[in-house]
$ cat protein17.cif   # mmCIF, C-alpha atoms
data_query
loop_
_atom_site.label_atom_id
_atom_site.label_comp_id
_atom_site.auth_asym_id
_atom_site.auth_seq_id
_atom_site.Cartn_x
_atom_site.Cartn_y
_atom_site.Cartn_z
CA MET A 1 0.00 0.00 0.00
CA VAL A 2 2.80 2.42 0.89
CA LYS A 3 4.46 1.57 -2.41
CA PHE A 4 1.27 2.65 -4.22
CA GLU A 5 1.19 5.93 -2.32
CA ARG A 6 4.87 6.60 -3.07
CA PHE A 7 4.19 5.82 -6.70
CA GLY A 8 1.38 8.39 -6.51
CA GLY A 9 3.93 10.92 -5.22
CA ALA A 10 6.29 10.19 -8.13
CA SER A 11 3.35 10.55 -10.56
CA GLY A 12 2.57 13.98 -9.10
CA VAL A 13 6.14 15.19 -9.78
CA ILE A 14 5.99 13.81 -13.35
CA ALA A 15 2.58 15.47 -13.90
CA VAL A 16 3.87 18.87 -12.78
CA ALA A 17 6.97 18.53 -14.98
CA ALA A 18 4.83 17.64 -18.03
CA ILE A 19 2.34 20.47 -17.42
CA ALA A 20 5.08 23.06 -16.80
CA LEU A 21 6.85 21.96 -19.97
CA GLN A 22 3.70 22.27 -22.08
CA PHE A 23 3.20 25.82 -20.73
CA LEU A 24 6.79 26.61 -21.79
CA ILE A 25 6.11 25.20 -25.27
CA ALA A 26 2.59 26.51 -25.86
CA GLY A 27 2.17 29.49 -23.52
CA THR A 28 -1.28 30.31 -22.15
CA ALA A 29 -2.95 32.04 -25.12
CA PRO A 30 -5.04 30.03 -27.61
CA PRO A 31 -3.05 29.22 -30.80
CA GLU A 32 -3.88 30.85 -34.13
CA ILE A 33 -4.60 28.75 -37.21
CA GLN A 34 -1.32 29.75 -38.92
CA SER A 35 0.67 28.63 -35.90
CA LEU A 36 -1.15 25.27 -35.85
CA ILE A 37 -0.35 24.72 -39.54
CA HIS A 38 3.28 25.88 -39.56
CA ASN A 39 4.34 24.63 -36.10
CA ARG A 40 2.31 21.48 -36.05
CA MET A 41 4.79 19.37 -34.04
CA ARG A 42 4.93 22.01 -31.32
CA TRP A 43 1.18 21.62 -30.79
CA GLU A 44 1.32 17.82 -31.10
CA TRP A 45 3.87 17.83 -28.25
CA THR A 46 1.53 20.06 -26.26
CA THR A 47 -1.26 17.48 -26.69
CA MET A 48 1.01 14.65 -25.57
CA LEU A 49 2.33 16.51 -22.53
CA ARG A 50 -1.22 17.39 -21.44
CA ILE A 51 -2.17 13.70 -21.64
CA VAL A 52 0.91 12.71 -19.60
CA GLY A 53 0.11 15.46 -17.08
CA SER A 54 -3.49 14.33 -16.85
CA LEU A 55 -2.64 10.69 -16.19
CA GLY A 56 -0.02 11.76 -13.65
CA ILE A 57 -2.58 13.89 -11.79
CA ILE A 58 -5.10 11.04 -11.68
CA TRP A 59 -2.50 8.59 -10.38
CA PHE A 60 -1.22 11.16 -7.86
CA THR A 61 -4.80 11.72 -6.67
CA ALA A 62 -5.37 7.99 -6.22
CA GLY A 63 -2.22 7.75 -4.07
CA LEU A 64 -3.15 10.82 -2.03
CA ALA A 65 -6.77 9.71 -1.47
CA ALA A 66 -5.59 6.23 -0.42
CA ARG A 67 -3.29 7.85 2.13
CA LEU A 68 -6.01 10.16 3.42
CA ARG A 69 -8.80 7.59 3.61
CA ARG A 70 -9.47 6.98 7.25
CA LEU A 71 -9.61 3.40 8.40
CA GLY A 72 -12.26 3.99 11.06
CA SER A 73 -16.01 3.38 10.74
CA ARG A 74 -16.92 7.03 10.10
CA PRO A 75 -17.54 8.03 6.46
CA ALA A 76 -14.39 9.30 4.75
CA SER A 77 -16.20 12.08 2.87
CA ALA A 78 -13.26 14.52 2.72
CA ALA A 79 -10.99 11.85 1.20
CA SER A 80 -13.79 11.05 -1.29
CA VAL A 81 -13.96 14.72 -2.33
CA VAL A 82 -10.16 14.70 -2.77
CA LEU A 83 -10.54 11.72 -5.10
CA GLY A 84 -13.42 13.29 -7.03
CA ALA A 85 -11.78 16.72 -7.40
CA GLY A 86 -8.46 15.22 -8.49
CA ILE A 87 -10.06 12.94 -11.05
CA LEU A 88 -12.10 15.84 -12.45
CA TRP A 89 -8.95 18.01 -12.62
CA GLY A 90 -7.12 15.23 -14.47
CA THR A 91 -10.09 14.86 -16.81
CA VAL A 92 -10.02 18.61 -17.56
CA TRP A 93 -6.39 18.21 -18.73
CA LEU A 94 -7.43 15.25 -20.90
CA LEU A 95 -10.24 17.33 -22.41
CA SER A 96 -7.80 20.17 -23.02
CA ALA A 97 -5.55 17.73 -24.92
CA LEU A 98 -8.57 16.54 -26.94
CA PHE A 99 -9.58 20.11 -27.91
CA ASN A 100 -5.96 20.90 -28.83
CA SER A 101 -5.68 17.79 -31.00
CA ALA A 102 -9.02 18.56 -32.69
CA ALA A 103 -7.85 22.15 -33.38
CA ILE A 104 -4.73 20.77 -35.12
CA SER A 105 -6.90 18.49 -37.29
CA MET A 106 -9.36 21.29 -38.12
CA SER A 107 -6.51 23.64 -39.11
CA ALA A 108 -5.61 21.20 -41.91
CA VAL A 109 -9.22 21.43 -43.17
CA GLY A 110 -9.07 25.24 -43.13
CA ASP A 111 -12.00 26.21 -40.90
CA PRO A 112 -10.86 29.32 -38.95
CA ALA A 113 -14.07 29.62 -36.88
CA GLY A 114 -13.96 25.95 -35.84
CA VAL A 115 -10.24 26.15 -35.07
CA GLY A 116 -10.84 29.33 -33.04
CA LEU A 117 -13.50 27.62 -30.93
CA LEU A 118 -11.40 24.51 -30.30
CA ALA A 119 -8.25 26.52 -29.58
CA VAL A 120 -10.07 28.66 -26.98
CA LEU A 121 -11.59 25.56 -25.37
CA GLY A 122 -8.17 23.86 -25.32
CA ALA A 123 -6.40 26.79 -23.67
CA ASP A 124 -9.21 28.05 -21.43
CA SER A 125 -10.55 24.73 -20.13
CA VAL A 126 -7.67 24.34 -17.68
CA LEU A 127 -7.48 28.02 -16.76
CA THR A 128 -11.25 28.37 -16.19
CA LEU A 129 -11.80 25.15 -14.24
CA THR A 130 -8.57 24.84 -12.22
CA PRO A 131 -9.51 27.59 -9.69
CA ALA A 132 -12.82 25.96 -8.65
CA LEU A 133 -11.43 22.43 -8.64
CA SER A 134 -8.22 23.37 -6.82
CA VAL A 135 -10.19 25.09 -4.04
CA ALA A 136 -12.24 21.88 -3.54
CA PHE A 137 -9.11 19.69 -3.86
CA LEU A 138 -7.12 21.66 -1.28
CA ALA A 139 -9.96 22.29 1.18
CA ALA A 140 -10.84 18.57 1.22
CA THR A 141 -7.19 17.57 1.60
CA GLY A 142 -6.75 20.02 4.49
CA ALA A 143 -9.88 18.72 6.24
CA ALA A 144 -8.85 15.09 5.74
CA VAL A 145 -5.31 15.74 7.02
CA LEU A 146 -6.63 17.42 10.18
CA ALA A 147 -9.07 14.53 10.71
CA SER A 148 -6.46 11.83 10.33
CA PRO A 149 -2.77 11.82 11.34
CA THR A 150 -1.36 11.08 7.90
CA PHE A 151 0.65 14.25 7.27
CA PRO A 152 2.10 16.93 9.59
CA ARG A 153 -0.63 19.20 11.01
CA ARG A 154 1.15 22.32 9.77
CA TYR A 155 0.75 20.89 6.25
CA GLY A 156 -3.02 20.54 6.88
CA TYR A 157 -3.32 24.16 8.06
CA MET A 158 -1.15 25.39 5.17
CA THR A 159 -3.37 23.53 2.70
CA LEU A 160 -6.58 24.97 4.18
CA CYS A 161 -5.09 28.51 4.10
CA SER A 162 -4.00 27.95 0.47
CA ALA A 163 -7.57 26.91 -0.43
CA GLY A 164 -8.92 30.14 1.10
CA PHE A 165 -6.26 32.22 -0.69
CA ARG A 166 -7.11 30.59 -4.04
CA LEU A 167 -10.80 31.27 -3.46
CA VAL A 168 -10.05 34.99 -3.02
CA LEU A 169 -7.81 34.97 -6.13
CA ALA A 170 -10.51 33.14 -8.14
CA ILE A 171 -13.20 35.69 -7.20
CA VAL A 172 -10.86 38.62 -8.01
CA ASP A 173 -9.97 36.92 -11.32
CA TRP A 174 -13.64 36.44 -12.23
CA TYR A 175 -14.82 39.92 -11.24
CA GLY A 176 -11.79 42.17 -11.69
CA SER A 177 -9.69 43.06 -14.68
CA ALA A 178 -6.59 41.27 -13.32
CA SER A 179 -5.95 37.87 -14.89
CA LEU A 180 -4.96 35.64 -11.99
CA ALA A 181 -5.89 32.21 -13.40
CA MET A 182 -2.24 31.45 -14.23
CA ARG A 183 -1.11 32.45 -10.73
CA ILE A 184 -3.70 30.01 -9.32
CA MET A 185 -2.32 27.34 -11.67
CA ASP A 186 1.28 28.04 -10.52
CA LEU A 187 0.29 27.81 -6.86
CA THR A 188 -1.68 24.61 -7.44
CA LEU A 189 1.24 22.97 -9.25
CA LEU A 190 3.55 24.04 -6.41
CA TRP A 191 1.16 22.47 -3.90
CA VAL A 192 1.11 19.23 -5.91
CA VAL A 193 4.92 19.10 -5.73
CA VAL A 194 4.93 19.70 -1.94
CA THR A 195 2.25 17.01 -1.45
CA ALA A 196 4.04 14.62 -3.81
CA PHE A 197 7.22 14.91 -1.72
CA HIS A 198 5.18 14.16 1.41
CA LEU A 199 3.83 11.05 -0.31
CA LEU A 200 7.30 10.05 -1.49
CA GLY A 201 8.46 10.29 2.11
CA ALA A 202 5.78 7.85 3.34
CA THR A 203 7.55 4.88 4.90
CA ARG A 204 4.72 3.24 6.83
CA PRO A 205 0.94 2.89 6.37
CA ALA A 206 -1.32 5.68 7.66
CA ALA A 207 -2.40 4.91 11.23
CA PRO A 208 -6.08 4.07 11.71
CA ALA A 209 -8.03 6.99 13.18
CA THR A 210 -9.33 6.62 16.70
CA GLU A 211 -13.03 5.79 16.93
CA ALA A 212 -15.51 8.46 17.96
CA MET B 1 -9.84 17.79 16.99
CA THR B 2 -9.79 14.66 14.89
CA ASN B 3 -13.49 13.87 15.11
CA GLU B 4 -14.52 17.52 15.48
CA SER B 5 -12.95 18.61 12.18
CA SER B 6 -14.50 15.61 10.42
CA THR B 7 -17.93 16.54 11.79
CA ILE B 8 -17.58 20.15 10.67
CA TRP B 9 -16.60 18.94 7.19
CA ASP B 10 -19.59 16.56 7.06
CA ARG B 11 -21.99 19.28 8.26
CA LEU B 12 -20.69 21.69 5.65
CA GLY B 13 -20.92 18.90 3.07
CA ALA B 14 -24.59 18.38 3.96
CA TRP B 15 -25.22 22.11 3.51
CA ALA B 16 -23.30 22.08 0.22
CA GLY B 17 -26.28 20.32 -1.43
CA VAL B 18 -28.65 23.20 -0.58
CA GLY B 19 -25.92 25.66 -1.60
CA ALA B 20 -25.53 23.94 -4.97
CA VAL B 21 -29.28 24.01 -5.61
CA VAL B 22 -29.48 27.72 -4.73
CA SER B 23 -26.46 28.54 -6.88
CA LEU B 24 -27.62 26.54 -9.92
CA GLY B 25 -31.20 27.78 -9.44
CA ILE B 26 -29.95 31.39 -9.56
CA GLY B 27 -28.10 30.50 -12.77
CA TYR B 28 -31.33 29.26 -14.35
CA ALA B 29 -33.23 32.33 -13.12
CA ILE B 30 -30.63 34.60 -14.76
CA ALA B 31 -30.63 32.53 -17.97
CA LEU B 32 -34.43 32.92 -18.21
CA THR B 33 -33.94 36.71 -18.44
CA PHE B 34 -31.46 36.43 -21.35
CA LYS B 35 -32.47 38.40 -24.42
CA THR B 36 -29.78 36.48 -26.33
CA ASN B 37 -31.33 33.99 -28.73
CA LEU B 38 -29.16 30.91 -29.34
CA TYR B 39 -30.97 30.26 -32.61
CA SER B 40 -30.63 33.75 -34.17
CA THR B 41 -27.85 34.55 -36.66
CA ASP B 42 -24.24 34.40 -35.48
CA GLY B 43 -23.76 38.17 -35.59
CA ASP B 44 -27.00 38.93 -33.72
CA PHE B 45 -26.16 36.32 -31.09
CA ALA B 46 -22.69 37.80 -30.43
CA ARG B 47 -24.05 41.37 -30.27
CA GLU B 48 -26.85 40.40 -27.88
CA LEU B 49 -24.43 38.41 -25.70
CA LEU B 50 -22.03 41.36 -25.39
CA ALA B 51 -24.93 43.72 -24.59
CA GLU B 52 -25.75 41.61 -21.50
CA ARG B 53 -22.26 40.31 -20.81
CA MET B 54 -22.45 40.55 -16.98
CA LYS B 55 -25.48 38.25 -16.93
CA TRP B 56 -23.43 35.65 -18.85
CA GLU B 57 -20.48 36.16 -16.49
CA TRP B 58 -22.78 35.53 -13.51
CA VAL B 59 -24.09 32.32 -15.08
CA THR B 60 -20.47 31.13 -15.52
CA PHE B 61 -19.74 31.94 -11.87
CA VAL B 62 -22.80 30.21 -10.38
CA ARG B 63 -22.31 27.09 -12.53
CA LEU B 64 -18.66 26.76 -11.47
CA LEU B 65 -19.68 27.35 -7.84
CA GLY B 66 -22.67 25.00 -8.13
CA GLY B 67 -20.59 22.23 -9.76
CA THR B 68 -17.99 22.46 -6.98
CA LEU B 69 -20.71 22.33 -4.30
CA VAL B 70 -22.33 19.30 -6.01
CA LEU B 71 -18.95 17.55 -5.81
CA TRP B 72 -18.61 18.39 -2.10
CA PHE B 73 -22.18 17.29 -1.35
CA MET B 74 -21.69 13.99 -3.19
CA GLY B 75 -18.73 13.21 -0.94
CA THR B 76 -20.96 13.52 2.12
CA LEU B 77 -23.94 11.70 0.57
CA ALA B 78 -21.75 8.83 -0.66
CA GLY B 79 -20.11 8.63 2.77
CA ARG B 80 -23.54 8.18 4.40
CA LEU B 81 -24.57 5.63 1.80
CA ARG B 82 -21.29 3.72 2.25
CA GLN B 83 -21.80 3.66 6.00
CA ALA B 84 -25.32 2.25 5.56
CA GLU B 85 -24.38 -0.24 2.83
CA GLY B 86 -21.18 -1.55 4.44
CA GLU B 87 -18.12 -2.83 2.58
CA PRO B 88 -17.40 -3.45 -0.28
CA ALA B 89 -19.91 -0.62 -0.88
CA ARG B 90 -20.38 -1.20 -4.60
CA LEU B 91 -23.61 0.78 -4.97
CA SER B 92 -22.40 3.77 -2.94
CA SER B 93 -19.16 3.81 -4.96
CA ALA B 94 -21.27 3.90 -8.13
CA ALA B 95 -23.41 6.68 -6.63
CA PHE B 96 -20.29 8.71 -5.82
CA GLY B 97 -18.88 8.23 -9.32
CA LEU B 98 -22.16 9.38 -10.87
CA GLY B 99 -22.27 12.40 -8.56
CA VAL B 100 -18.72 13.37 -9.58
CA VAL B 101 -19.72 13.09 -13.26
CA TRP B 102 -22.79 15.28 -12.62
CA ALA B 103 -20.57 17.89 -10.95
CA GLY B 104 -18.33 17.67 -14.01
CA VAL B 105 -21.30 18.39 -16.29
CA TRP B 106 -22.04 21.66 -14.44
CA LEU B 107 -18.37 22.64 -14.53
CA LEU B 108 -18.26 21.92 -18.27
CA SER B 109 -21.37 24.03 -18.76
CA GLY B 110 -19.61 26.88 -16.93
CA LEU B 111 -16.55 26.42 -19.17
CA PHE B 112 -18.61 26.55 -22.38
CA ASN B 113 -20.44 29.63 -21.07
CA SER B 114 -17.13 31.35 -20.36
CA ALA B 115 -15.78 30.33 -23.79
CA ALA B 116 -18.87 31.84 -25.49
CA ILE B 117 -18.12 35.20 -23.83
CA ARG B 118 -14.38 35.02 -24.71
CA LEU B 119 -15.04 34.09 -28.35
CA ALA B 120 -17.54 36.94 -28.80
CA ALA B 121 -15.57 39.57 -26.86
CA ASP B 122 -11.88 38.81 -27.49
CA PHE B 123 -11.69 36.75 -30.70
CA ALA B 124 -14.47 38.19 -32.94
CA ASN B 125 -15.67 34.62 -33.57
CA PRO B 126 -19.51 34.82 -33.43
CA SER B 127 -20.14 31.34 -34.86
CA GLY B 128 -17.74 29.79 -32.33
CA ALA B 129 -19.41 31.80 -29.56
CA ARG B 130 -22.81 30.49 -30.58
CA VAL B 131 -21.65 26.84 -30.64
CA ALA B 132 -20.12 27.32 -27.17
CA GLY B 133 -23.38 28.94 -25.99
CA VAL B 134 -25.43 26.00 -27.28
CA LEU B 135 -23.08 23.54 -25.53
CA ALA B 136 -23.38 25.50 -22.26
CA ASP B 137 -27.16 25.40 -22.50
CA GLN B 138 -27.44 21.78 -23.63
CA ALA B 139 -24.87 20.05 -21.39
CA PRO B 140 -26.92 20.02 -18.16
CA ARG B 141 -30.30 19.58 -19.93
CA THR B 142 -29.11 16.62 -22.03
CA LEU B 143 -26.98 14.78 -19.47
CA THR B 144 -28.69 15.38 -16.11
CA GLY B 145 -31.57 12.95 -16.79
CA CYS B 146 -29.50 9.82 -17.38
CA ILE B 147 -26.93 10.60 -14.67
CA VAL B 148 -29.43 11.42 -11.92
CA PHE B 149 -31.56 8.41 -12.96
CA ALA B 150 -28.65 6.07 -12.14
CA LEU B 151 -27.72 8.10 -9.05
CA SER B 152 -31.25 8.02 -7.63
CA LEU B 153 -31.57 4.31 -8.49
CA ALA B 154 -28.40 3.46 -6.54
CA THR B 155 -29.59 5.62 -3.61
CA ALA B 156 -33.04 4.02 -3.66
CA LEU B 157 -31.59 0.48 -3.68
CA ILE B 158 -29.35 1.18 -0.68
CA SER B 159 -32.11 3.06 1.12
CA ARG B 160 -34.68 0.28 0.60
CA ARG B 161 -32.23 -2.37 1.73
CA THR B 162 -30.89 -0.59 4.80
CA ARG B 163 -33.58 1.98 5.70
CA ALA B 164 -30.82 4.60 5.75
CA PHE B 165 -33.34 7.35 4.96
CA PRO B 166 -36.98 7.98 5.98
CA ALA B 167 -39.60 5.94 4.08
CA SER B 168 -41.05 9.00 2.34
CA PHE B 169 -37.66 9.91 0.84
CA THR B 170 -37.04 6.30 -0.15
CA TYR B 171 -40.40 6.07 -1.97
CA ALA B 172 -39.88 9.45 -3.65
CA THR B 173 -36.38 8.42 -4.80
CA THR B 174 -37.71 5.06 -6.05
CA ALA B 175 -40.37 6.90 -8.07
CA LEU B 176 -37.93 9.53 -9.36
CA ALA B 177 -35.66 7.04 -11.17
CA PRO B 178 -38.28 5.73 -13.67
CA LEU B 179 -39.82 9.22 -13.99
CA LEU B 180 -36.45 10.59 -15.13
CA VAL B 181 -36.11 7.77 -17.68
CA ILE B 182 -39.57 8.53 -19.10
CA LEU B 183 -38.89 12.29 -19.23
CA SER B 184 -35.48 11.67 -20.82
CA LEU B 185 -37.08 9.51 -23.52
CA ILE B 186 -39.71 12.21 -24.20
CA ASP B 187 -36.95 14.84 -24.24
CA TRP B 188 -34.94 12.72 -26.72
CA TYR B 189 -37.97 12.40 -29.03
CA ALA B 190 -39.35 15.95 -28.65
CA SER B 191 -38.16 19.00 -30.54
CA GLY B 192 -38.40 22.80 -30.26
CA PRO B 193 -39.90 24.46 -27.17
CA ASN B 194 -41.18 21.11 -25.82
CA GLU B 195 -37.64 19.74 -25.71
CA VAL B 196 -36.42 22.82 -23.80
CA GLY B 197 -39.34 22.65 -21.35
CA ILE B 198 -38.86 18.94 -20.61
CA GLY B 199 -35.10 19.46 -20.25
CA HIS B 200 -35.75 22.16 -17.66
CA ALA B 201 -38.24 19.89 -15.86
CA ILE B 202 -35.59 17.14 -15.64
CA VAL B 203 -33.00 19.54 -14.22
CA GLY B 204 -35.62 20.98 -11.83
CA LEU B 205 -36.53 17.51 -10.51
CA ALA B 206 -32.85 16.60 -10.08
CA LEU B 207 -32.21 19.79 -8.12
CA LEU B 208 -35.32 19.24 -6.00
CA TRP B 209 -34.13 15.73 -5.12
CA THR B 210 -30.66 17.07 -4.27
CA ALA B 211 -32.21 19.68 -1.98
CA ALA B 212 -34.34 17.02 -0.23
CA ALA B 213 -31.34 14.72 0.28
CA SER B 214 -29.32 17.67 1.54
CA VAL B 215 -31.99 18.69 4.07
CA LEU B 216 -32.14 15.11 5.37
CA LEU B 217 -28.36 15.00 5.78
CA ILE B 218 -28.41 18.38 7.55
CA GLY B 219 -30.96 16.94 10.00
CA ARG B 220 -28.80 13.84 10.56
CA SER B 221 -25.64 15.88 11.11
CA ARG B 222 -27.43 17.90 13.80
CA GLY B 223 -28.71 14.77 15.48
#

$ encode --input "protein17.cif" --output "structure tokens"
Amino acid sequence: MVKFERFGGASGVIAVAAIALQFLIAGTAPPEIQSLIHNRMRWEWTTMLRIVGSLGIIWFTAGLAARLRRLGSRPASAASVVLGAGILWGTVWLLSALFNSAAISMSAVGDPAGVGLLAVLGADSVLTLTPALSVAFLAATGAAVLASPTFPRRYGYMTLCSAGFRLVLAIVDWYGSASLAMRIMDLTLLWVVVTAFHLLGATRPAAPATEA
Amino acid sequence: MTNESSTIWDRLGAWAGVGAVVSLGIGYAIALTFKTNLYSTDGDFARELLAERMKWEWVTFVRLLGGTLVLWFMGTLAGRLRQAEGEPARLSSAAFGLGVVWAGVWLLSGLFNSAAIRLAADFANPSGARVAGVLADQAPRTLTGCIVFALSLATALISRRTRAFPASFTYATTALAPLLVILSLIDWYASGPNEVGIGHAIVGLALLWTAAASVLLIGRSRG
């Protein structure tokens, strides 16, 4: 079981590396049709890195949720929300890869309106949905950590504070003129790395929680 | 602290269902006031959307918020169902998976709504904006029926077997599952305004059921 959790930690580091690399290659703005035609391999690599990142996130989430799941008789609802939020976040990256791949295919057909739609969906899907999902992901992780002695308590408080901070950033991003979605993404990826190293450091199974 | 923090989380999770219903209900109330016609020409659609842009922004916000709250609520509901069903908890696992997918549908709807605004405002792509607007409108109406059918069926089966919920809720949930199938079939066959009306009825029933389940869980968490 610990091996699975440590593997989840390694997957989290790989996911962050793949996602950071695709941001370096593709940037954050939706591609234009000329770029998709003339730099096709650049966008194909972006698709592949998003798929790798997505699978890494899902595997990381499975390892984290397994670690957080309490072994007592009470319902482990916070750990369930961690699992659900992480799987949805991974799925968003998969969808982003799909939209990107479809935009590349449509650019060969020469349909600028269709390419424009797919390119915006490919780039914006992760930036629009990461704030909401990361708030749920972090808040649930913080609650589960404080309910079960699996990670240091300071990590649990830090995670809860980070969830609150992201919520504020997300509301400012939605309402104000400042574009903070990428800052939320950076912070979320940083949190994944910190959590992944905690998982990599797991040497014994999580202790069962004391009964109520 | 251990059990206290878990209880607070579960209480908030129970309230998240009511929060989701309020949030998504507000989204539908705003959408009903739209002057934007999805089935007008591309140019007219984009102009009308930009004229009432803040309404569209609010719909994006409440769908993202509502989807996140549905996810949170499903964690608490599935936890209660798992506790009642006992291990290996196959039905409650299925219920949780369906709830996560339903949350994903609302989040996707929010994404498409946001993309419609971006395409009209920043990319001068009215046809793309209209397709995104149609997807935002259709996603919950088309997918809620089948997802909540399976979710309510799993809940009803656990509830009938274990008496985890009051009899009235169990009977209502048992009746809701086939009703959603029938409405979904009518929705699939219907066209025009009838299709839209039945789609809204399906979403309304699903939200009503979520609110009822949430209120029951709030009562349990107090007790």

$ closest_residue --input "protein17.cif" --among "A:Gly114, A:Pro149, A:Gly90, A:Pro131" --to "Ile51 in chain A" --atoms "all atoms listed in the file"
A:Gly90

$ interface_residues --input "protein17.cif" --of "chain A" --to "chain B" --cutoff "9 Å" --atoms "only C-alpha atoms" --output "VMD selection string"
chain A and resid 73 to 82 84 to 85 87 to 88 92 112 to 118 120 to 121 124 to 125 128 to 129 132 to 133 135 to 136 140 143 to 144 146 to 149 171 174 to 175 209 to 212

$ resolve_selection --input "protein17.cif" --expression "the PyMOL selection byres ((chain A and resi 187-199) around 9)" --output "PyMOL selection string"
chain A and resi 2+5-13+15-16+19-20+57+60+63-64+67+130-131+134+138+151+155+159+162+166+182-186+200-203

$ atom_distance --input "protein17.cif" --atom1 "CA of Ser107 in chain A" --atom2 "CA of His38 in chain A"
10.1 Å

$ closest_residue --input "protein17.cif" --among "A:Ala170, A:Ala26, A:Phe4, A:Phe99" --to "Thr61 in chain A" --atoms "only C-alpha atoms"
A:Phe4

$ residues_around --input "protein17.cif" --residues "Leu185 in chain B" --least-positions-apart "2" --cutoff "12 Å" --atoms "only C-alpha atoms" --output "ChimeraX atom specification"
/B:142,145-146,149,178-183,187-191,195,198-199,202

$ closest_residue --input "protein17.cif" --among "B:Ser109, B:Gln138, B:Asn194, B:Thr162" --to "Glu85 in chain B" --atoms "only C-alpha atoms"
B:Thr162

$ closest_residue --input "protein17.cif" --among "A:Ile14, A:Ala66, A:Ala139, A:Leu36" --to "Ala119 in chain A" --atoms "only C-alpha atoms"
A:Leu36

$ closest_residue --input "protein17.cif" --among "B:Ala95, B:Val105, B:Ala136, B:Val18" --to "Leu38 in chain B" --atoms "all atoms listed in the file"
B:Ala136

$ closest_residue --input "protein17.cif" --among "B:Trp106, B:Tyr39, B:Tyr171, B:Phe165" --to "Val70 in chain B" --atoms "all atoms listed in the file"
B:Trp106

$ atom_distance --input "protein17.cif" --atom1 "CA of Gly19 in chain B" --atom2 "CA of Val215 in chain B"
10.8 Å

$ decode --input "protein17.cif" --residues "range 179-201 of chain B" --atoms "C-alpha atoms" --output "PDB file, in the first residue's frame"
ATOM      1  CA  LEU B 179     -39.820   9.220 -13.986  1.00  0.00           C
ATOM      2  CA  LEU B 180     -36.446  10.585 -15.130  1.00  0.00           C
ATOM      3  CA  VAL B 181     -36.114   7.769 -17.676  1.00  0.00           C
ATOM      4  CA  ILE B 182     -39.573   8.534 -19.098  1.00  0.00           C
ATOM      5  CA  LEU B 183     -38.892  12.291 -19.226  1.00  0.00           C
ATOM      6  CA  SER B 184     -35.483  11.669 -20.817  1.00  0.00           C
ATOM      7  CA  LEU B 185     -37.078   9.515 -23.519  1.00  0.00           C
ATOM      8  CA  ILE B 186     -39.710  12.209 -24.199  1.00  0.00           C
ATOM      9  CA  ASP B 187     -36.946  14.835 -24.242  1.00  0.00           C
ATOM     10  CA  TRP B 188     -34.944  12.718 -26.724  1.00  0.00           C
ATOM     11  CA  TYR B 189     -37.974  12.398 -29.028  1.00  0.00           C
ATOM     12  CA  ALA B 190     -39.348  15.950 -28.647  1.00  0.00           C
ATOM     13  CA  SER B 191     -38.157  19.002 -30.535  1.00  0.00           C
ATOM     14  CA  GLY B 192     -38.400  22.798 -30.263  1.00  0.00           C
ATOM     15  CA  PRO B 193     -39.901  24.460 -27.173  1.00  0.00           C
ATOM     16  CA  ASN B 194     -41.180  21.109 -25.820  1.00  0.00           C
ATOM     17  CA  GLU B 195     -37.638  19.745 -25.707  1.00  0.00           C
ATOM     18  CA  VAL B 196     -36.419  22.817 -23.805  1.00  0.00           C
ATOM     19  CA  GLY B 197     -39.341  22.645 -21.346  1.00  0.00           C
ATOM     20  CA  ILE B 198     -38.858  18.942 -20.608  1.00  0.00           C
ATOM     21  CA  GLY B 199     -35.103  19.455 -20.251  1.00  0.00           C
ATOM     22  CA  HIS B 200     -35.745  22.162 -17.665  1.00  0.00           C
ATOM     23  CA  ALA B 201     -38.236  19.890 -15.862  1.00  0.00           C
TER      24      ALA B 201
END
